[in-house]
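J.: Handing you a structure now.
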Amino acid sequence: MEVVKYLIKKRSVLQVVDILTRKENGAMPRAKKSTQEAGPSSGKRKAPSKRSSKQPATYDDTKFETEDTWLAYKHDISRRTILPERRVLTSDFANELLGHVIARNQWESFVATPRVAYVEIVKEFYAKIHENLDNPDHPQYRQVYVRGQYIPFSPMEILRYYGLEDMEADIFQATHTDPHEVATSLCHGIDHWPEGSSTLDYRSLLPQIRTLDKMVSANLLPTSHTSTVTMERARLLHWLQTKTLHLGNYIFCNIWHIRNNRRCLAFPSLITGICALNGIDLSQEITTVKRTMQIDRIGIRSSELHIARKLDHGTQDPLGGQDISAGVSGPALDDPMPEDPPPPATEPTLASISHDWHASHAALEAQIREIRETQVHEIEVRRREHEVLSAQMAQLLSFFSLYPPPPPQ
């Protein structure tokens, strides 16, 4: 009975029944002594078992070469947002400054429709950019470890992806440009950089500079803050007005700067494309970088109207043909707002109406094509996800056929 009471106290009813059944068959286990029966404790604790000196890896060593790289990815890079490149509809800006900059630098392929980019590849690439990337004496000079192999990453590799030649171009030197000269060349009615400010108001830029800034802030110096223009971006806009830019050197240095300064990740299509050119398997990638609308005349008008409403609730008209003064310092703040310009005295000609309609129609067709391409890609991604889930379900069914679950009690 003592044994039965002990078992009822320490075990469940089913376990007691099972033990009593085995007792009748002569296989009764010995009951453990209670603490009181065991006598006073000797005060010595049981020595802990020695663990293996080799600890299992806490990260995926097929993707990350070192644990430091994994930690940088986990705690920093994986939490950053990605800014995608944008296509420029060059036909809308053929006779403007933006079109001249593209033609002078031969950037037609650079501003074309960007390829599909994958989130994991881009973030892993940024996490693995090491501090000796541009050190000629380092074994991994201008190489990045991606998915088990080192791939080349250099200014020439960037030009190779875009199909560009290593043309004669000046190396961009932003710090050598006088800020007052920059402000004078970019803005209307300003002869010096605003005192005590590190930015320019976007609305103070000349109309053609505003158009050029759309391409710069998306494809060269990506940023999500477009309502103000930083000193760095202003100097780049000033440079592009008259000089050529070595695209490979500039993007290479910019990616290095992004990696080490906790900014949004940029150039996802470029990075994905370089990985694909060097044999990285992308067939299993699922999550893509969300695309944005192309840069065209309609999109710029809509964007400028949004910026105006954001800054001053639509009190200024950024879509008119007039230049907008900076309004950042001086008596311009006290001047009354100019009235809207009167409507033109002459009626628009049939030729001008037809030209505007054809331009708008072409822009809409281009947007529809881009949306269709995105939809086709999304369908392909969903198809891959379905195949993966179907394979996993087949594995589960085969497992249950070999090891059926026990019947319910």
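Letters A, B, ... go to the chains of the structure tokens in the order shown; residues in each chain start at 1; ligands are counted from 1 in the same order.
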List as a list of chain:residue names the protein and nucleic acid residues near Thr228 (chain A), meaning an atom at most 7 Å away when only C-alpha atoms are counted, but skip any in the same chain fewer than 6 places from it.

T.: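 Final neighbour list, sorted by chain and number: A:Thr199, A:Leu200, A:Asp201, A:Tyr202.
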
J.: So that I can see what lies close to Ala183 (chain A), please list as a list of chain:residue names the residues with an atom at most 7 Å from it, counting only C-alpha atoms and leaving out residues fewer than 6 positions away in the same chain.

T.: A:Ile190, A:Asp191, A:His192, A:Trp193

J.: May I ask which of the residues A:Phe93, A:Trp256, A:Tyr73, A:Trp239 is the closest one to Val182 (chain A), counting only C-alpha atoms?

T.: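 Residue with the minimum atom-to-atom distance to Val182 (chain A): A:Trp239.
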
J.: Taking the DSSP secondary structure from the backbone, can you list the residues of region 54-250 of chain A that are alpha helix (DSSP H), as a PyMOL selection string?

T.: chain A and resi 67-75+97-105+119-127+155-162+179-186+207-215+231-242+247-250

J.: Just want the 9 Å neighbourhood of Ile255 (chain A), counted on only C-alpha atoms, with same-chain residues fewer than 2 positions away dropped. Output as a count of residues only.

T.: 12

J.: Of the residues A:Asp68, A:Glu120, A:Asp178, A:Glu373, which is the one nearest to Pro268 (chain A), using only C-alpha atoms?

T.: A:Glu120

J.: With a distance cut-off of 12 Å and only C-alpha atoms, select the neighbouring residues of Gln149 (chain A), excluding the residue or stretch itself and same-chain residues fewer than 2 positions from it, and output the selection as JSON, numbers by chain.

T.: {"A": [61, 62, 63, 64, 65, 125, 128, 140, 143, 144, 145, 146, 147, 151, 152, 275, 278, 279, 280, 281]}

J.: Using only C-alpha atoms, find the one residue out of A:Leu205, A:Asp60, A:Leu270, A:Arg142 that sits nearest to Tyr162 (chain A).

T.: A:Leu270

J.: Just the number, please: distance in Å from CA of Gly189 (chain A) to CA of Glu232 (chain A), one decimal.

T.: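 Taking CA of Gly189 (chain A) and CA of Glu232 (chain A), their separation equals 20.9 Å.
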
J.: As a PyMOL selection string, please: the residues near Glu165 (chain A) (cut-off 12 Å, only C-alpha atoms, same-chain neighbours under 5 positions excluded).

T.: chain A and resi 105-107+109+155-160+246-248

J.: What is the distance, in Å and to one decimal place, between CA of Thr244 (chain A) and CA of Ala366 (chain A)?

T.: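 Going from CA of Thr244 (chain A) over to CA of Ala366 (chain A), I get 28.4 Å.
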
J.: Counting only C-alpha atoms, which of A:Gln294, A:Phe172, A:Gln284, A:Ile274 gets nearest to Tyr150 (chain A)?

T.: A:Ile274

J.: Can you list, as an mmCIF file with N, CA, C and O atoms, in the first residue's frame, every residue of region 84-271 of chain A that DSSP puts in strand (DSSP E)?

T.:
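Okay, this is what ended up in out11.cif:
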data_model
loop_
_atom_site.group_PDB
_atom_site.id
_atom_site.type_symbol
_atom_site.label_atom_id
_atom_site.label_comp_id
_atom_site.auth_asym_id
_atom_site.auth_seq_id
_atom_site.Cartn_x
_atom_site.Cartn_y
_atom_site.Cartn_z
ATOM 1 N N GLN A 143 36.328 42.431 -53.870
ATOM 2 C CA GLN A 143 35.553 41.199 -53.959
ATOM 3 C C GLN A 143 34.595 41.127 -52.775
ATOM 4 O O GLN A 143 34.923 41.570 -51.676
ATOM 5 N N VAL A 144 33.415 40.552 -53.011
ATOM 6 C CA VAL A 144 32.398 40.413 -51.972
ATOM 7 C C VAL A 144 31.945 38.955 -51.933
ATOM 8 O O VAL A 144 31.688 38.345 -52.978
ATOM 9 N N TYR A 145 31.864 38.405 -50.727
ATOM 10 C CA TYR A 145 31.484 37.003 -50.536
ATOM 11 C C TYR A 145 29.962 36.888 -50.564
ATOM 12 O O TYR A 145 29.266 37.400 -49.685
ATOM 13 N N VAL A 146 29.432 36.203 -51.583
ATOM 14 C CA VAL A 146 27.987 36.052 -51.736
ATOM 15 C C VAL A 146 27.673 34.594 -52.027
ATOM 16 O O VAL A 146 28.183 34.019 -52.995
ATOM 17 N N GLN A 149 30.705 32.110 -52.557
ATOM 18 C CA GLN A 149 31.773 32.423 -53.499
ATOM 19 C C GLN A 149 32.052 33.925 -53.496
ATOM 20 O O GLN A 149 31.198 34.729 -53.119
ATOM 21 N N TYR A 150 33.260 34.268 -53.906
ATOM 22 C CA TYR A 150 33.636 35.673 -54.018
ATOM 23 C C TYR A 150 33.321 36.163 -55.433
ATOM 24 O O TYR A 150 33.705 35.527 -56.422
ATOM 25 N N ILE A 151 32.623 37.281 -55.509
ATOM 26 C CA ILE A 151 32.315 37.859 -56.813
ATOM 27 C C ILE A 151 33.010 39.213 -56.923
ATOM 28 O O ILE A 151 33.171 39.924 -55.933
ATOM 29 N N PRO A 152 33.461 39.598 -58.116
ATOM 30 C CA PRO A 152 34.135 40.894 -58.275
ATOM 31 C C PRO A 152 33.147 42.044 -58.161
ATOM 32 O O PRO A 152 32.018 41.969 -58.653
ATOM 33 N N THR A 199 20.664 72.891 -46.236
ATOM 34 C CA THR A 199 19.868 72.413 -47.364
ATOM 35 C C THR A 199 19.280 73.583 -48.132
ATOM 36 O O THR A 199 19.223 74.720 -47.642
ATOM 37 N N LEU A 200 18.819 73.278 -49.342
ATOM 38 C CA LEU A 200 18.055 74.212 -50.159
ATOM 39 C C LEU A 200 16.607 73.739 -50.236
ATOM 40 O O LEU A 200 16.337 72.535 -50.205
ATOM 41 N N ASP A 201 15.706 74.679 -50.355
ATOM 42 C CA ASP A 201 14.307 74.338 -50.582
ATOM 43 C C ASP A 201 14.164 73.841 -52.021
ATOM 44 O O ASP A 201 14.624 74.473 -52.960
ATOM 45 N N THR A 228 13.738 68.739 -49.686
ATOM 46 C CA THR A 228 14.909 69.590 -49.481
ATOM 47 C C THR A 228 16.092 68.979 -50.226
ATOM 48 O O THR A 228 16.128 67.772 -50.479
ATOM 49 N N VAL A 229 17.067 69.820 -50.560
ATOM 50 C CA VAL A 229 18.235 69.394 -51.317
ATOM 51 C C VAL A 229 19.464 69.601 -50.440
ATOM 52 O O VAL A 229 19.776 70.730 -50.053
ATOM 53 N N THR A 230 20.150 68.522 -50.114
ATOM 54 C CA THR A 230 21.340 68.612 -49.274
ATOM 55 C C THR A 230 22.497 69.225 -50.051
ATOM 56 O O THR A 230 22.460 69.318 -51.286
ATOM 57 N N LEU A 265 19.326 51.436 -48.123
ATOM 58 C CA LEU A 265 20.078 50.682 -49.122
ATOM 59 C C LEU A 265 19.618 51.066 -50.521
ATOM 60 O O LEU A 265 18.421 51.271 -50.752
ATOM 61 N N ALA A 266 20.553 51.165 -51.444
ATOM 62 C CA ALA A 266 20.239 51.631 -52.793
ATOM 63 C C ALA A 266 20.858 50.700 -53.831
ATOM 64 O O ALA A 266 21.578 49.762 -53.506
#

J.: Quick one: distance from CA of Pro407 (chain A) to CA of Met393 (chain A) in Å, one decimal?

T.: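 Spanning CA of Pro407 (chain A) to CA of Met393 (chain A) is a straight-line distance of 21.9 Å.
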
J.: Measuring atom to atom with only C-alpha atoms, identify which of A:Glu131, A:Glu365, A:Asp76, A:Glu195 is nearest to Arg262 (chain A).

T.: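 Looking at the shortest contact to Arg262 (chain A), the residue is A:Asp76.
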